[in-house]
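What follows is a set of notes on a single structure, which appears directly below.
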2 protein chains.
Amino acid sequence: MTTRDDVLAAAQRHLNVDARASMADLAGAAGISRATLHRHFASREELLHELGTRSIDRWEASLDAADARGAAASEDAVRIRACLDDLVARYLADSDDFGFALTDTYLLSAADLVERSDALVEREVALCAAAQAAGVLRADLPARWISHALYGLLVAARDALRVGDLPRRDLDALVLSTFLTGAQR
Amino acid sequence: MTTRDDVLAAAQRHLNVDARASMADLAGAAGISRATLHRHFASREELLHELGTRSIDRWEASLDAADARGAAASEDAVRIRACLDDLVARYLADSDDFGFALTDTYLLSAADLVERSDALVEREVALCAAAQAAGVLRADLPARWISHALYGLLVAARDALRVGDLPRRDLDALVLSTFLTGAQR
């Protein structure tokens, strides 16, 4: 039997390949009929919302696992820098599983997801500000912009991987290095 | 009378605010009925395709105006660096007008637009490779990744502006500086 979890997992994989996938496409990807898919999820948005919730759960789990709050509170440059390194690697792994969610316009507009997302952004901004105070990151860039820039590089990494421009193996180092030191020689 | 151009201009502005806007929303934004909008465009995709074509025209025009080809061929570090600076400013101005197109999943999947987009990416990659050869950009980053990273920062800039995190006035310098030298102190 195909469980709700199986359906979600198949839909998630498929959306990472084709972000515009219809309910018919997603049913096909899960190996079930449209009617069966609709018994699990009344609409595409309901299905997406569930995946969006999971992607935000994952984002929150990564901030927790990297102990972003503890690092920010520590005011310790070495610890903050290690936290940033860890976070970039975790975000890239999360993006392997939830890459489509980075730019899905429905998820970016669903009020409850936006509210959770905003709260997580605040944790990132606090970490960036702590990194600036500790001399790890440039103080002349707004902390909020640094958080946006990191997000932009995650989108770039997702796309570079998708079109086959980079091996996955190199991704963590490339993104971290570009984020920290830029492209200039 | 509302011309096809007026309708497109109104739709473009509205999509930059709400990327999920329906045909009804877009008709409202143009101050016309849905029936009138459908006389201009048979479907939302037809309308989007027209705007996608215009956004790629603009992208191409910016590469031309910055003389990316001439700069790349010059092998002149100063000229290449000036071209990169110019291109970043032009891309940010283009994104003011066509920001939604950066991540619209329909535009990113329409075969003819993808083909044109791929050709423009090749011009960017050639410029990045020339910048590396001239010692302007790091040679240890794949040129294709540098092009992706710049795109990611444009997405980040669009979003930072949209949520009001940055003044437009600071954007060119922030994006260029982050692209070139990263966030590390």
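Residues in the structure tokens are named by chain (A, B, ... in the order shown) and by number from 1 within that chain; ligands are numbered from 1 in the order shown.
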
Residue hits in chain B, query chain A, radius 9 Å, only C-alpha atoms, as a PyMOL selection string: chain B and resi 18-20+103-106+109+132+135-139+141-142+144-157+159-160+165-166+174-175+177-185

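In this comparison, which uses only C-alpha atoms, the residue of B:Arg162, B:His38, B:Arg168, B:Arg4 approaching B:Glu50 most closely is B:Arg4.
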
Could you list, as a ChimeraX atom specification, every residue within 12 Å of B:Ala111, counting only C-alpha atoms and ignoring same-chain residues fewer than 6 positions away? /B:49,52-53,105,117-118

So which residues touch A:His14 within 10 Å, counting only C-alpha atoms, skipping near sequence neighbours fewer than 2 positions away, as a PyMOL selection string? chain A and resi 8-12+16-21+25-26+28-30+100

Take atom CA of B:Leu107 and atom CA of A:Met23 and report the distance between them in Å, one decimal.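 Going from atom CA of B:Leu107 over to atom CA of A:Met23 covers 19.8 Å.
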
Interatomic distance (Å, one decimal) between atom CA of B:Arg44 and atom CA of B:Ala27: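 Result for atom CA of B:Arg44 versus atom CA of B:Ala27: 10.7 Å, one decimal.
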
Tell me, as an MDAnalysis selection string, which residues lie within 12 Å of B:Arg123, counting only C-alpha atoms; anything in the same chain fewer than 2 positions away does not count. chainID B and resid 59:60 62:64 66:73 116:121 125:130 143:144 147

Generate a file of the selected residues that holds N, CA, C and O atoms, formatted as a short mmCIF file (atom, residue, chain, number, x, y, z; two decimals), in the first residue's frame.
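Written out: again-v4.cif:
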```
data_model
loop_
_atom_site.label_atom_id
_atom_site.label_comp_id
_atom_site.auth_asym_id
_atom_site.auth_seq_id
_atom_site.Cartn_x
_atom_site.Cartn_y
_atom_site.Cartn_z
N TRP B 59 18.09 41.10 -21.06
CA TRP B 59 19.33 40.46 -20.61
C TRP B 59 20.37 40.54 -21.73
O TRP B 59 21.52 40.94 -21.51
N GLU B 60 19.93 40.19 -22.94
CA GLU B 60 20.83 40.23 -24.10
C GLU B 60 21.32 41.66 -24.35
O GLU B 60 22.50 41.90 -24.62
N SER B 62 21.69 43.98 -22.19
CA SER B 62 22.66 44.37 -21.17
C SER B 62 24.04 43.79 -21.45
O SER B 62 25.06 44.47 -21.26
N LEU B 63 24.06 42.55 -21.91
CA LEU B 63 25.36 41.96 -22.29
C LEU B 63 25.97 42.74 -23.45
O LEU B 63 27.18 42.96 -23.50
N ASP B 64 25.11 43.16 -24.40
CA ASP B 64 25.59 43.95 -25.54
C ASP B 64 26.09 45.32 -25.06
O ASP B 64 27.18 45.76 -25.44
N ALA B 66 27.10 46.30 -22.19
CA ALA B 66 28.34 46.22 -21.40
C ALA B 66 29.50 45.72 -22.26
O ALA B 66 30.64 45.65 -21.79
N ASP B 67 29.20 45.38 -23.50
CA ASP B 67 30.19 44.82 -24.44
C ASP B 67 30.95 43.67 -23.80
O ASP B 67 32.20 43.65 -23.77
N ALA B 68 30.20 42.69 -23.33
CA ALA B 68 30.79 41.53 -22.68
C ALA B 68 31.72 40.78 -23.64
O ALA B 68 32.79 40.30 -23.25
N ARG B 69 31.30 40.71 -24.90
CA ARG B 69 32.11 39.98 -25.88
C ARG B 69 33.44 40.70 -26.13
O ARG B 69 34.50 40.07 -26.12
N GLY B 70 33.34 42.01 -26.33
CA GLY B 70 34.55 42.80 -26.57
C GLY B 70 35.49 42.75 -25.39
O GLY B 70 36.71 42.60 -25.55
N ALA B 71 34.93 42.86 -24.19
CA ALA B 71 35.76 42.82 -22.98
C ALA B 71 36.45 41.47 -22.86
O ALA B 71 37.66 41.39 -22.59
N ALA B 72 35.68 40.40 -23.08
CA ALA B 72 36.26 39.05 -22.96
C ALA B 72 37.39 38.87 -23.98
O ALA B 72 38.44 38.31 -23.66
N ALA B 73 37.17 39.37 -25.20
CA ALA B 73 38.18 39.20 -26.25
C ALA B 73 39.41 40.07 -26.00
O ALA B 73 40.50 39.77 -26.48
N ARG B 116 17.42 30.32 -25.63
CA ARG B 116 18.01 31.67 -25.69
C ARG B 116 18.80 31.94 -24.42
O ARG B 116 19.90 32.52 -24.45
N SER B 117 18.22 31.55 -23.29
CA SER B 117 18.87 31.77 -22.00
C SER B 117 20.22 31.04 -21.94
O SER B 117 21.23 31.60 -21.49
N ASP B 118 20.24 29.81 -22.43
CA ASP B 118 21.49 29.04 -22.43
C ASP B 118 22.57 29.76 -23.23
O ASP B 118 23.75 29.78 -22.84
N ALA B 119 22.19 30.34 -24.36
CA ALA B 119 23.15 31.03 -25.21
C ALA B 119 23.72 32.26 -24.48
O ALA B 119 24.92 32.57 -24.59
N LEU B 120 22.87 32.96 -23.72
CA LEU B 120 23.35 34.13 -22.98
C LEU B 120 24.25 33.71 -21.82
O LEU B 120 25.25 34.38 -21.52
N VAL B 121 23.88 32.60 -21.18
CA VAL B 121 24.75 32.08 -20.12
C VAL B 121 26.14 31.79 -20.67
O VAL B 121 27.15 32.09 -20.03
N VAL B 125 29.60 33.03 -19.18
CA VAL B 125 30.66 32.11 -18.78
C VAL B 125 31.96 32.47 -19.50
O VAL B 125 33.04 32.43 -18.90
N ALA B 126 31.84 32.85 -20.78
CA ALA B 126 33.04 33.26 -21.54
C ALA B 126 33.67 34.50 -20.89
O ALA B 126 34.90 34.60 -20.79
N LEU B 127 32.83 35.43 -20.44
CA LEU B 127 33.36 36.62 -19.77
C LEU B 127 34.05 36.24 -18.45
O LEU B 127 35.14 36.73 -18.14
N CYS B 128 33.40 35.35 -17.69
CA CYS B 128 34.01 34.91 -16.42
C CYS B 128 35.34 34.21 -16.67
O CYS B 128 36.32 34.42 -15.94
N ALA B 129 35.37 33.36 -17.69
CA ALA B 129 36.62 32.64 -18.01
C ALA B 129 37.70 33.63 -18.43
O ALA B 129 38.87 33.49 -18.03
N ALA B 130 37.33 34.65 -19.21
CA ALA B 130 38.29 35.67 -19.62
C ALA B 130 38.77 36.45 -18.39
O ALA B 130 39.96 36.80 -18.29
N ALA B 143 34.21 28.62 -13.94
CA ALA B 143 33.60 29.82 -14.52
C ALA B 143 32.07 29.70 -14.51
O ALA B 143 31.36 30.68 -14.27
N ARG B 144 31.57 28.49 -14.75
CA ARG B 144 30.11 28.30 -14.73
C ARG B 144 29.52 28.56 -13.35
O ARG B 144 28.41 29.06 -13.21
N SER B 147 29.15 32.28 -12.74
CA SER B 147 27.96 32.80 -13.40
C SER B 147 26.70 32.46 -12.59
O SER B 147 25.83 33.31 -12.39
#
```

To one decimal place, how far is atom CA of A:Ser74 from atom CA of A:Ala61 in Å?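 Here the two named atoms are 19.7 Å from each other.
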
Could you find all residues in chain A that DSSP calls helix (DSSP H, G or I) from the backbone, and write them as an MDAnalysis selection string? chainID A and resid 4:17 23:30 34:40 44:65 68:74 77:102 111:133 143:162 168:181
